[in-house]
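Q: data06.cif is reproduced below (mmCIF, C-alpha atoms and all ligand atoms).
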```
data_upload
loop_
_atom_site.label_atom_id
_atom_site.label_comp_id
_atom_site.auth_asym_id
_atom_site.auth_seq_id
_atom_site.Cartn_x
_atom_site.Cartn_y
_atom_site.Cartn_z
CA ALA A 859 123.08 -79.09 177.69
CA THR A 860 123.92 -79.70 181.28
CA PRO A 861 120.85 -79.85 183.52
CA THR A 862 122.68 -77.92 186.25
CA ALA A 863 123.30 -74.86 184.06
CA LEU A 864 119.67 -74.91 182.91
CA MET A 865 118.47 -75.05 186.50
CA VAL A 866 120.65 -72.06 187.37
CA GLY A 867 118.89 -70.25 184.55
CA THR A 868 115.46 -71.05 185.95
CA GLY A 869 116.49 -69.98 189.46
CA ARG A 870 117.63 -66.57 188.19
CA GLY A 871 114.32 -66.40 186.32
CA ALA A 872 112.38 -66.72 189.56
CA GLN A 873 114.31 -63.76 190.99
CA LEU A 874 113.33 -61.64 187.99
CA GLY A 875 109.68 -62.59 188.32
CA ILE A 876 109.67 -65.22 185.60
CA LEU A 877 108.27 -68.67 186.25
CA ILE A 878 109.58 -71.25 183.81
CA LYS A 879 107.61 -74.46 183.31
CA GLY A 880 110.67 -76.61 182.79
CA PRO A 881 114.34 -76.13 181.91
CA GLU A 882 113.69 -77.43 178.38
CA VAL A 883 111.69 -74.25 177.71
CA LEU A 884 114.92 -72.27 177.51
CA GLU A 885 115.88 -74.15 174.34
CA SER A 886 112.96 -72.69 172.38
CA THR A 887 114.06 -69.11 173.04
CA ARG A 888 117.21 -69.37 170.99
CA ARG A 889 115.71 -69.05 167.53
CA VAL A 890 112.77 -66.79 168.39
CA ASP A 891 112.71 -63.92 165.87
CA THR A 892 109.15 -62.64 166.14
CA VAL A 893 107.18 -61.64 169.21
CA VAL A 894 103.41 -61.46 168.95
CA LEU A 895 101.83 -59.22 171.58
CA ASP A 896 98.18 -59.40 172.52
CA LYS A 897 96.80 -55.87 172.98
CA THR A 898 94.21 -55.85 175.75
CA GLY A 899 95.66 -56.74 179.13
CA THR A 900 99.15 -57.30 177.72
CA VAL A 901 100.20 -54.01 176.09
CA THR A 902 97.33 -52.11 177.74
CA SER A 903 96.19 -52.37 181.35
CA GLY A 904 92.97 -54.17 180.41
CA ARG A 905 91.14 -52.09 183.00
CA MET A 906 88.67 -50.40 180.73
CA GLU A 907 86.55 -47.41 181.62
CA LEU A 908 83.46 -46.02 179.95
CA VAL A 909 84.37 -42.53 178.71
CA SER A 910 81.56 -41.43 176.41
CA THR A 911 78.10 -42.23 175.14
CA VAL A 912 76.79 -40.96 171.80
CA THR A 913 73.21 -41.71 170.79
CA ALA A 914 71.27 -41.65 167.55
CA PRO A 915 68.46 -39.05 167.31
CA GLY A 916 65.45 -40.15 169.32
CA THR A 917 67.38 -42.33 171.76
CA GLY A 918 68.08 -41.22 175.32
CA GLU A 919 71.59 -41.64 176.65
CA LYS A 920 70.28 -43.08 179.89
CA GLN A 921 68.13 -45.70 178.24
CA ALA A 922 70.93 -46.83 175.93
CA LEU A 923 73.33 -47.18 178.82
CA ARG A 924 70.72 -48.94 180.98
CA TYR A 925 69.98 -51.54 178.30
CA ALA A 926 73.63 -52.06 177.47
CA ALA A 927 74.58 -52.39 181.14
CA ALA A 928 71.75 -54.83 181.77
CA VAL A 929 73.06 -57.17 179.06
CA GLU A 930 76.75 -56.65 179.90
CA HIS A 931 76.08 -57.34 183.58
CA ALA A 932 76.53 -61.05 182.85
CA SER A 933 79.67 -60.51 180.75
CA GLU A 934 83.19 -61.11 182.00
CA HIS A 935 84.79 -59.28 179.09
CA PRO A 936 86.68 -56.08 180.06
CA VAL A 937 84.47 -54.07 177.66
CA GLY A 938 81.35 -55.51 179.28
CA ARG A 939 82.60 -54.79 182.77
CA ALA A 940 83.41 -51.20 181.82
CA VAL A 941 79.89 -50.67 180.46
CA ALA A 942 78.23 -52.17 183.55
CA ALA A 943 80.48 -50.18 185.90
CA GLY A 944 79.90 -47.01 183.84
CA TYR A 945 76.17 -47.32 184.38
CA GLU A 946 76.58 -47.78 188.11
CA ALA A 947 78.76 -44.67 188.26
CA GLU A 948 76.07 -42.53 186.56
CA PRO A 949 74.50 -39.80 188.67
CA SER A 950 71.12 -40.90 189.99
CA ASP A 951 67.71 -39.37 189.31
CA GLY A 952 67.31 -38.89 193.02
CA GLU A 953 66.14 -42.43 193.62
CA GLY A 954 69.22 -43.76 195.31
CA SER A 955 71.68 -45.29 192.86
CA SER A 956 71.40 -45.05 189.09
CA GLY A 957 68.52 -47.49 189.39
CA GLU A 958 68.08 -51.23 189.37
CA LEU A 959 69.05 -52.90 186.14
CA PRO A 960 66.17 -54.62 184.37
CA PRO A 961 66.39 -58.42 184.20
CA VAL A 962 67.83 -60.06 181.09
CA THR A 963 66.70 -63.27 179.48
CA ASP A 964 68.28 -65.23 176.61
CA PHE A 965 71.73 -63.83 177.35
CA SER A 966 74.47 -64.98 175.04
CA ASN A 967 78.08 -64.05 174.54
CA VAL A 968 79.44 -64.05 170.99
CA PRO A 969 83.24 -64.29 171.47
CA GLY A 970 85.15 -61.47 169.82
CA LEU A 971 81.95 -59.74 168.73
CA GLY A 972 79.82 -58.86 171.74
CA VAL A 973 76.77 -59.88 173.72
CA ARG A 974 73.03 -60.10 173.30
CA GLY A 975 69.99 -60.52 175.51
CA THR A 976 66.33 -59.67 175.89
CA VAL A 977 65.52 -56.66 178.08
CA GLU A 978 61.93 -55.50 178.69
CA GLY A 979 60.82 -57.60 175.73
CA ARG A 980 63.38 -56.09 173.36
CA GLU A 981 66.30 -57.92 171.86
CA VAL A 982 69.40 -55.86 172.70
CA LEU A 983 72.80 -56.27 171.02
CA VAL A 984 76.05 -54.73 172.32
CA GLY A 985 79.24 -55.13 170.35
CA ARG A 986 80.99 -54.66 167.03
CA ALA A 987 79.32 -53.69 163.78
CA ALA A 988 79.80 -57.29 162.60
CA LEU A 989 77.52 -58.51 165.41
CA LEU A 990 74.80 -56.14 164.23
CA ALA A 991 75.41 -56.91 160.56
CA ALA A 992 74.66 -60.58 161.23
CA GLU A 993 71.15 -59.41 162.19
CA GLY A 994 70.88 -57.15 159.15
CA ILE A 995 71.32 -54.01 161.27
CA SER A 996 73.37 -51.24 159.67
CA VAL A 997 75.13 -48.37 161.42
CA PRO A 998 73.86 -44.82 160.74
CA ASP A 999 76.47 -42.24 159.69
CA GLU A 1000 76.49 -40.28 162.93
CA LEU A 1001 77.21 -43.40 164.97
CA ALA A 1002 79.86 -44.60 162.52
CA ALA A 1003 81.50 -41.16 162.83
CA ALA A 1004 81.44 -41.40 166.64
CA GLN A 1005 83.06 -44.83 166.40
CA ARG A 1006 85.80 -43.55 164.10
CA ALA A 1007 86.48 -40.58 166.38
CA ALA A 1008 86.83 -42.86 169.40
CA ALA A 1009 89.10 -45.25 167.50
CA GLY A 1010 91.36 -42.32 166.55
CA ARG A 1011 91.77 -41.68 170.27
CA GLY A 1012 92.70 -45.33 170.78
CA GLN A 1013 89.36 -46.08 172.42
CA THR A 1014 87.24 -49.14 171.73
CA ALA A 1015 83.75 -48.14 170.64
CA VAL A 1016 80.89 -50.62 170.78
CA LEU A 1017 77.42 -50.25 169.36
CA VAL A 1018 74.13 -50.70 171.19
CA ALA A 1019 71.14 -51.83 169.12
CA TRP A 1020 67.60 -52.91 169.82
CA GLU A 1021 64.47 -53.51 167.80
CA GLY A 1022 66.44 -53.70 164.58
CA ALA A 1023 68.28 -50.38 164.84
CA ALA A 1024 71.70 -49.19 166.05
CA ARG A 1025 71.03 -46.56 168.71
CA ALA A 1026 74.22 -45.66 170.53
CA VAL A 1027 78.00 -45.85 170.61
CA LEU A 1028 79.74 -46.44 173.92
CA ALA A 1029 83.46 -45.60 173.99
CA VAL A 1030 85.69 -47.43 176.41
CA ALA A 1031 89.26 -46.39 177.21
CA ASP A 1032 92.08 -48.67 178.21
CA ALA A 1033 95.43 -47.06 178.94
CA VAL A 1034 98.69 -48.35 177.49
CA LYS A 1035 100.80 -49.62 180.41
CA PRO A 1036 103.59 -47.18 181.26
CA THR A 1037 106.16 -49.95 180.73
CA SER A 1038 104.99 -51.14 177.30
CA ALA A 1039 106.96 -48.75 175.08
CA GLU A 1040 110.20 -49.59 176.85
CA ALA A 1041 109.36 -53.29 176.61
CA VAL A 1042 108.98 -53.01 172.82
CA THR A 1043 112.29 -51.12 172.61
CA ARG A 1044 114.01 -53.93 174.55
CA LEU A 1045 112.43 -56.66 172.42
CA LYS A 1046 113.59 -54.89 169.24
CA ALA A 1047 117.08 -54.55 170.73
CA LEU A 1048 117.14 -58.35 171.01
CA GLY A 1049 116.49 -58.51 167.26
CA LEU A 1050 112.86 -59.51 167.60
CA GLU A 1051 110.15 -58.18 165.33
CA PRO A 1052 107.10 -57.13 167.37
CA VAL A 1053 103.58 -57.82 166.06
CA LEU A 1054 100.43 -56.48 167.74
CA LEU A 1055 97.53 -58.95 167.61
CA THR A 1056 93.99 -58.12 168.69
CA GLY A 1057 90.32 -58.72 168.20
CA ASP A 1058 89.80 -54.99 168.48
CA ASN A 1059 89.26 -52.53 165.64
CA THR A 1060 92.20 -51.76 163.31
CA ALA A 1061 92.25 -48.01 164.00
CA VAL A 1062 92.33 -48.59 167.78
CA ALA A 1063 95.09 -51.17 167.38
CA ARG A 1064 97.19 -48.84 165.18
CA THR A 1065 96.86 -46.00 167.69
CA VAL A 1066 98.07 -48.27 170.50
CA ALA A 1067 100.84 -49.67 168.27
CA ALA A 1068 102.09 -46.17 167.43
CA GLU A 1069 102.21 -45.35 171.13
CA VAL A 1070 104.56 -48.23 171.85
CA GLY A 1071 106.65 -48.14 168.67
CA ILE A 1072 105.14 -50.95 166.60
CA PRO A 1073 104.80 -50.00 162.89
CA ALA A 1074 101.28 -50.05 161.40
CA GLU A 1075 102.22 -52.88 159.02
CA GLN A 1076 102.94 -55.11 162.02
CA VAL A 1077 99.41 -54.74 163.39
CA ILE A 1078 97.00 -57.64 162.94
CA ALA A 1079 93.55 -56.58 164.15
CA GLU A 1080 89.90 -57.66 164.08
CA VAL A 1081 90.99 -61.26 164.58
CA LEU A 1082 88.33 -63.49 166.11
CA PRO A 1083 89.41 -65.19 169.36
CA GLN A 1084 89.61 -68.66 167.79
CA ALA A 1085 91.67 -67.27 164.86
CA LYS A 1086 94.57 -65.90 166.94
CA VAL A 1087 96.17 -69.33 166.80
CA ASP A 1088 95.89 -69.29 162.98
CA VAL A 1089 97.90 -66.07 162.89
CA VAL A 1090 100.68 -67.74 164.90
CA ARG A 1091 100.61 -70.75 162.55
CA ARG A 1092 100.75 -68.49 159.49
CA LEU A 1093 103.81 -66.67 160.84
CA GLN A 1094 105.43 -70.06 161.54
CA ARG A 1095 104.68 -71.22 157.98
CA GLU A 1096 106.43 -68.05 156.76
CA GLY A 1097 109.51 -69.45 158.48
CA ARG A 1098 109.40 -67.40 161.64
CA THR A 1099 110.03 -68.69 165.14
CA VAL A 1100 107.33 -67.10 167.22
CA ALA A 1101 107.06 -66.01 170.83
CA MET A 1102 103.55 -65.00 171.89
CA VAL A 1103 102.68 -62.91 174.93
CA GLY A 1104 99.07 -62.92 176.15
CA ASP A 1105 96.75 -62.92 179.12
CA GLY A 1106 93.29 -63.94 177.98
CA VAL A 1107 91.28 -67.12 177.57
CA ASN A 1108 91.27 -66.19 173.88
CA ASP A 1109 95.09 -66.23 173.84
CA ALA A 1110 95.49 -69.74 175.28
CA ALA A 1111 95.57 -71.69 172.00
CA ALA A 1112 97.99 -69.20 170.44
CA LEU A 1113 100.25 -69.38 173.52
CA ALA A 1114 100.31 -73.17 173.30
CA THR A 1115 101.04 -73.15 169.55
CA ALA A 1116 103.77 -70.50 169.63
CA ASP A 1117 107.37 -71.72 169.83
CA LEU A 1118 107.54 -69.85 173.11
CA GLY A 1119 104.38 -68.89 175.03
CA LEU A 1120 104.66 -66.15 177.66
CA ALA A 1121 101.63 -65.63 179.90
CA MET A 1122 100.97 -62.52 181.95
CA GLY A 1123 100.79 -63.57 185.61
CA THR A 1124 98.00 -61.02 186.02
CA GLY A 1125 95.94 -62.81 183.36
CA THR A 1126 93.63 -65.78 183.24
CA ASP A 1127 94.44 -69.30 184.45
CA ALA A 1128 93.84 -70.57 180.91
CA ALA A 1129 96.66 -68.39 179.58
CA ILE A 1130 99.02 -69.30 182.42
CA GLN A 1131 98.41 -73.00 181.87
CA ALA A 1132 98.98 -72.70 178.13
CA GLY A 1133 102.23 -70.72 178.41
CA ASP A 1134 105.78 -71.99 178.79
CA LEU A 1135 106.72 -69.02 180.94
CA THR A 1136 104.77 -66.76 183.26
CA LEU A 1137 105.66 -63.08 183.73
CA VAL A 1138 104.61 -62.97 187.37
CA ARG A 1139 103.96 -59.22 187.74
CA GLY A 1140 102.46 -58.78 184.28
CA ASP A 1141 105.33 -56.46 183.30
CA LEU A 1142 105.98 -56.77 179.57
CA ARG A 1143 109.60 -55.60 179.97
CA VAL A 1144 110.26 -58.88 181.73
CA ALA A 1145 109.42 -60.71 178.46
CA ALA A 1146 112.65 -59.23 177.05
CA ASP A 1147 114.52 -60.11 180.26
CA ALA A 1148 113.24 -63.69 179.98
CA ILE A 1149 114.45 -64.09 176.40
CA ARG A 1150 117.82 -62.49 177.15
CA LEU A 1151 118.28 -64.66 180.26
CA ALA A 1152 117.42 -67.81 178.38
CA ARG A 1153 119.83 -67.01 175.56
CA ARG A 1154 122.60 -66.17 177.99
CA THR A 1155 121.99 -69.37 179.94
CA LEU A 1156 122.23 -71.40 176.76
CA ALA A 1157 125.38 -69.56 175.68
CA THR A 1158 126.99 -70.59 178.98
CA ILE A 1159 126.18 -74.21 178.28
CA LYS A 1160 127.37 -74.37 174.68
P1 LIG A 1201 91.11 -58.59 172.45
O1 LIG A 1201 91.80 -59.42 171.42
O2 LIG A 1201 91.56 -57.14 172.35
O3 LIG A 1201 91.31 -59.12 173.85
P2 LIG A 1201 88.37 -59.65 171.96
O4 LIG A 1201 88.68 -60.59 170.86
O5 LIG A 1201 88.01 -60.25 173.27
O6 LIG A 1201 89.54 -58.53 172.15
O7 LIG A 1201 87.18 -58.70 171.52
C1 LIG A 1201 87.23 -58.02 170.30
C2 LIG A 1201 86.19 -56.95 170.21
O8 LIG A 1201 84.87 -57.53 170.30
C3 LIG A 1201 86.24 -55.94 171.33
O9 LIG A 1201 87.18 -54.93 171.08
C4 LIG A 1201 84.81 -55.41 171.31
O10 LIG A 1201 84.65 -54.48 170.27
C5 LIG A 1201 83.99 -56.65 170.97
N1 LIG A 1201 83.49 -57.30 172.18
C6 LIG A 1201 83.93 -58.45 172.74
N2 LIG A 1201 83.23 -58.75 173.85
C7 LIG A 1201 82.34 -57.74 174.02
C8 LIG A 1201 81.34 -57.44 174.99
N3 LIG A 1201 81.09 -58.21 176.05
N4 LIG A 1201 80.60 -56.32 174.80
C9 LIG A 1201 80.84 -55.51 173.76
N5 LIG A 1201 81.77 -55.72 172.84
C10 LIG A 1201 82.50 -56.81 172.94
MG MG A 1202 94.16 -59.80 176.29
#
```
Output the structure of this file as structure tokens.
Ligand code: ADP
Ligand code: MG

A:
Amino acid sequence: ATPTALMVGTGRGAQLGILIKGPEVLESTRRVDTVVLDKTGTVTSGRMELVSTVTAPGTGEKQALRYAAAVEHASEHPVGRAVAAGYEAEPSDGEGSSGELPPVTDFSNVPGLGVRGTVEGREVLVGRAALLAAEGISVPDELAAAQRAAAGRGQTAVLVAWEGAARAVLAVADAVKPTSAEAVTRLKALGLEPVLLTGDNTAVARTVAAEVGIPAEQVIAEVLPQAKVDVVRRLQREGRTVAMVGDGVNDAAALATADLGLAMGTGTDAAIQAGDLTLVRGDLRVAADAIRLARRTLATIK
């Protein structure tokens, strides 16, 4: 491979909005046959919005949202931000804003599951059913039904629990990026098999996958953040050459392990550092452009 031809490839990449770590990266694109796509922030915008609150009998909507927002206030997760912002956007009781959030002590973040903290002397949990199950808290039928309904709409639904009982479901919506379906079409046209990988619920993931043209059997959901890298390794053991596209801190290890790691330029520094390529504008269609460009560049050299 002549260094000059490779450098021409990287220069063209910059014009397309692709930053390539080094010319040697192009080599790894040749055999890529599978492209793993992170859901939140990669296929979807990652800008989540609180869209509904359903409570169990005896629990007020306002109180559930106030407790959840108090705990999520310290969270940097898109779900947490949506809950905190949703509370602030609530109409007030006539006392100025929706009211000061109560202080939280003993805050902790459980990656891929949710958050917890003590509010007004009560231990509050916000997150997936698995987070509650670890505390022996089950989900009553009406809340489970609300979660399923939200998932069918492609919305992420998290539970709010305190004092040993699940009390509310908060549904958060995150729109599929308008360019994602076309991006998947282009990746398939290059002969790549797309896989959707997420920590989110299976039903939500399948709804998003259907929207962009990824078959249900190529959806891998409810994967804990530290296990995303294991999924990449498993695909590699099956003999696949894997490209991974992601944006989050929880995607960094998978991006580094993949044969080709593509980071969304709109994502976290951890992802950008771990990737071989950065898609500057966060446009997934450019992932296909990057692979096509790299292959063409290599074909020129051979
Ligand atoms: P993704 O792979 O889609 O980026 P994560 O692995 O970060 O998702 O999170 C997986 C799931 O864990 C979320 O869909 C949500 O249900 C739950 N979760 C994570 N963080 C929080 C949080 N701060 N509050 C509530 N739920 C959370
Ligand atoms: Mg993400």

Q: Please return as a PDB file with C-alpha atoms, keeping the file's coordinate frame the residues found within 8 Å of ligand MG 1202 (chain A), counting only C-alpha atoms and all ligand atoms.

A:
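Result written to selection-v9.pdb:
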```
ATOM      1  CA  ASP A 896      98.180 -59.400 172.520  1.00  0.00           C
ATOM      2  CA  LYS A 897      96.800 -55.870 172.980  1.00  0.00           C
ATOM      3  CA  THR A 898      94.210 -55.850 175.750  1.00  0.00           C
ATOM      4  CA  GLY A 899      95.660 -56.740 179.130  1.00  0.00           C
ATOM      5  CA  THR A 900      99.150 -57.300 177.720  1.00  0.00           C
ATOM      6  CA  GLY A 904      92.970 -54.170 180.410  1.00  0.00           C
ATOM      7  CA  THR A1056      93.990 -58.120 168.690  1.00  0.00           C
ATOM      8  CA  GLY A1104      99.070 -62.920 176.150  1.00  0.00           C
ATOM      9  CA  ASP A1105      96.750 -62.920 179.120  1.00  0.00           C
ATOM     10  CA  GLY A1106      93.290 -63.940 177.980  1.00  0.00           C
ATOM     11  CA  VAL A1107      91.280 -67.120 177.570  1.00  0.00           C
ATOM     12  CA  ASN A1108      91.270 -66.190 173.880  1.00  0.00           C
ATOM     13  CA  ASP A1109      95.090 -66.230 173.840  1.00  0.00           C
ATOM     14  CA  GLY A1125      95.940 -62.810 183.360  1.00  0.00           C
TER      15      GLY A1125
END
```

Q: Please give the centre and size of the box around ligand LIG 1201 (chain A) (axis-aligned, containing every atom listed in the file, 6 Å added per side), with values in Å to one decimal and written as JSON.

A:
```
{"center_x": 86.2, "center_y": -57.5, "center_z": 173.1, "size_x": 23.2, "size_y": 18.1, "size_z": 17.8}
```

Q: Would you mind listing what lies within 7 Å of region 912-917 of chain A as a PyMOL selection string, with all atoms listed in the file counted and same-chain residues fewer than 4 positions away left out?

A: chain A and resi 1001+1004+1025-1028

Q: A:Ala1148, A:Ala922, A:Leu1054, A:Val890: which is nearest ligand LIG 1201 (chain A), counting only C-alpha atoms and all ligand atoms?

A: A:Leu1054

Q: Give the residue list for ligand LIG 1201 (chain A) at 9 Å, counting only C-alpha atoms and all ligand atoms, as a PyMOL selection string, sorted by chain and then by residue number.

A: chain A and resi 896-900+904+926+929-930+932-939+941+967-974+983-987+989+1014-1018+1055-1059+1062-1063+1079-1084+1086+1104-1109

Q: So, with all atoms listed in the file as the atoms that count, which of A:Ala1019, A:Val982, A:Val909, A:Val1042 lies closest to Gly944 (chain A)?

A: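 Selected residue with least distance to Gly944 (chain A): A:Val909.
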
Q: Calculate how many Å separate CA of Arg1095 (chain A) from CA of Glu1051 (chain A), rounding to one decimal.

A: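 Computing the Euclidean distance for CA of Arg1095 (chain A) and CA of Glu1051 (chain A) yields 15.9 Å.
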
Q: Tell me, as a PyMOL selection string, which residues lie within 8 Å of Gly1010 (chain A), counting all atoms listed in the file; anything in the same chain fewer than 2 positions away does not count.

A: chain A and resi 1006-1008+1012-1013+1061-1062+1065

Q: I want to know what sits within 8 Å of Leu877 (chain A), based on all atoms listed in the file, with residues of the same chain fewer than 6 positions away left out; could you give that as a list in words?

A: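 Result of the neighbour search: Thr868, Gly871, Leu1135, Thr1136, Leu1137 and Val1138 of chain A.
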
Q: Given the choices A:Val894, A:Val1100, A:Leu1093, A:Leu1142, which gets closest to Val1077 (chain A) if the distance is worked out from all atoms listed in the file?

A: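 Checking each candidate against Val1077 (chain A), we get A:Val894 as the closest.
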
Q: Report, in Å to a single decimal, how far apart CA of Val1103 (chain A) and CA of Gly1119 (chain A) are.

A: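 The value is 6.2 Å.
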
Q: Between CA of Arg1098 (chain A) and CA of Leu1045 (chain A), what distance in Å does the model show, to one decimal?

A: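 Going from CA of Arg1098 (chain A) over to CA of Leu1045 (chain A) covers 15.5 Å.
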
Q: Is there a way to get, as an MDAnalysis selection string, all residues within 8 Å of the point (111.5, -69.6, 175.7) in file coordinates, counting only C-alpha atoms?

A: chainID A and resid 883:888 890 1101 1117:1120 1134:1135 1148:1149 1152

Q: Smallest atom-to-atom distance to Arg1153 (chain A): which of A:Arg889, A:Ala1023, A:Lys1035, A:Ala1009, using all atoms listed in the file?

A: A:Arg889

Q: Give the answer as one residue: which of A:Gly979, A:Pro961, A:Gly1140, A:Gly1071 has the shortest atom-to-atom distance to Ser903 (chain A), using only C-alpha atoms?

A: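 Result for the nearest residue to Ser903 (chain A): A:Gly1140.
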
Q: Name the closest residue to Val1144 (chain A) among the candidates A:Leu1113, A:Leu874, A:Leu923, A:Ala1024; distances are taken between atoms, counting only C-alpha atoms.

A: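 When distances to Val1144 (chain A) are compared using only C-alpha atoms, the smallest one comes from A:Leu874.
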
Q: Show me, as a list in words, the residues that have an atom within 12 Å of Ala1047 (chain A) when counting all atoms listed in the file, minus same-chain residues fewer than 6 positions from it.

A: Asp891, Glu1040, Ala1041, Arg1143, Ala1146, Asp1147, Ile1149 and Arg1150 of chain A

Q: Using N, CA and C atoms, give me region 963-980 of chain A from the structure I just pasted, as a PDB file, in the first residue's frame.

A:
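Saved result, out-v6.pdb, follows:
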```pdb
ATOM      1  N   THR A 963     -29.670  12.504  49.224  1.00  0.00           N
ATOM      2  CA  THR A 963     -28.434  11.974  49.808  1.00  0.00           C
ATOM      3  C   THR A 963     -28.258  10.552  49.314  1.00  0.00           C
ATOM      4  N   ASP A 964     -27.048  10.017  49.472  1.00  0.00           N
ATOM      5  CA  ASP A 964     -26.728   8.643  49.071  1.00  0.00           C
ATOM      6  C   ASP A 964     -27.059   8.357  47.607  1.00  0.00           C
ATOM      7  N   PHE A 965     -26.821   9.351  46.747  1.00  0.00           N
ATOM      8  CA  PHE A 965     -27.081   9.118  45.322  1.00  0.00           C
ATOM      9  C   PHE A 965     -26.131   8.058  44.775  1.00  0.00           C
ATOM     10  N   SER A 966     -26.659   7.142  43.969  1.00  0.00           N
ATOM     11  CA  SER A 966     -25.753   6.301  43.200  1.00  0.00           C
ATOM     12  C   SER A 966     -26.364   5.950  41.853  1.00  0.00           C
ATOM     13  N   ASN A 967     -25.467   5.777  40.895  1.00  0.00           N
ATOM     14  CA  ASN A 967     -25.860   5.464  39.538  1.00  0.00           C
ATOM     15  C   ASN A 967     -25.506   3.992  39.320  1.00  0.00           C
ATOM     16  N   VAL A 968     -26.466   3.213  38.850  1.00  0.00           N
ATOM     17  CA  VAL A 968     -26.188   1.810  38.554  1.00  0.00           C
ATOM     18  C   VAL A 968     -26.192   1.682  37.027  1.00  0.00           C
ATOM     19  N   PRO A 969     -25.012   1.650  36.398  1.00  0.00           N
ATOM     20  CA  PRO A 969     -24.951   1.722  34.930  1.00  0.00           C
ATOM     21  C   PRO A 969     -25.829   0.687  34.247  1.00  0.00           C
ATOM     22  N   GLY A 970     -26.608   1.168  33.270  1.00  0.00           N
ATOM     23  CA  GLY A 970     -27.481   0.286  32.501  1.00  0.00           C
ATOM     24  C   GLY A 970     -28.756  -0.107  33.212  1.00  0.00           C
ATOM     25  N   LEU A 971     -28.910   0.315  34.469  1.00  0.00           N
ATOM     26  CA  LEU A 971     -30.108  -0.065  35.220  1.00  0.00           C
ATOM     27  C   LEU A 971     -30.883   1.126  35.756  1.00  0.00           C
ATOM     28  N   GLY A 972     -30.186   2.156  36.225  1.00  0.00           N
ATOM     29  CA  GLY A 972     -30.898   3.308  36.753  1.00  0.00           C
ATOM     30  C   GLY A 972     -30.144   4.017  37.856  1.00  0.00           C
ATOM     31  N   VAL A 973     -30.905   4.725  38.689  1.00  0.00           N
ATOM     32  CA  VAL A 973     -30.291   5.506  39.767  1.00  0.00           C
ATOM     33  C   VAL A 973     -31.069   5.295  41.065  1.00  0.00           C
ATOM     34  N   ARG A 974     -30.410   5.633  42.174  1.00  0.00           N
ATOM     35  CA  ARG A 974     -31.076   5.568  43.460  1.00  0.00           C
ATOM     36  C   ARG A 974     -30.579   6.693  44.345  1.00  0.00           C
ATOM     37  N   GLY A 975     -31.402   7.030  45.354  1.00  0.00           N
ATOM     38  CA  GLY A 975     -30.998   8.079  46.282  1.00  0.00           C
ATOM     39  C   GLY A 975     -32.050   8.211  47.371  1.00  0.00           C
ATOM     40  N   THR A 976     -31.677   8.895  48.453  1.00  0.00           N
ATOM     41  CA  THR A 976     -32.628   9.091  49.541  1.00  0.00           C
ATOM     42  C   THR A 976     -33.218  10.493  49.461  1.00  0.00           C
ATOM     43  N   VAL A 977     -34.554  10.550  49.432  1.00  0.00           N
ATOM     44  CA  VAL A 977     -35.278  11.816  49.324  1.00  0.00           C
ATOM     45  C   VAL A 977     -36.276  11.870  50.470  1.00  0.00           C
ATOM     46  N   GLU A 978     -36.214  12.931  51.274  1.00  0.00           N
ATOM     47  CA  GLU A 978     -37.137  13.087  52.413  1.00  0.00           C
ATOM     48  C   GLU A 978     -37.206  11.806  53.246  1.00  0.00           C
ATOM     49  N   GLY A 979     -36.048  11.206  53.457  1.00  0.00           N
ATOM     50  CA  GLY A 979     -35.966  10.018  54.304  1.00  0.00           C
ATOM     51  C   GLY A 979     -36.394   8.726  53.633  1.00  0.00           C
ATOM     52  N   ARG A 980     -36.769   8.805  52.349  1.00  0.00           N
ATOM     53  CA  ARG A 980     -37.223   7.585  51.660  1.00  0.00           C
ATOM     54  C   ARG A 980     -36.213   7.174  50.599  1.00  0.00           C
TER      55      ARG A 980
END
```
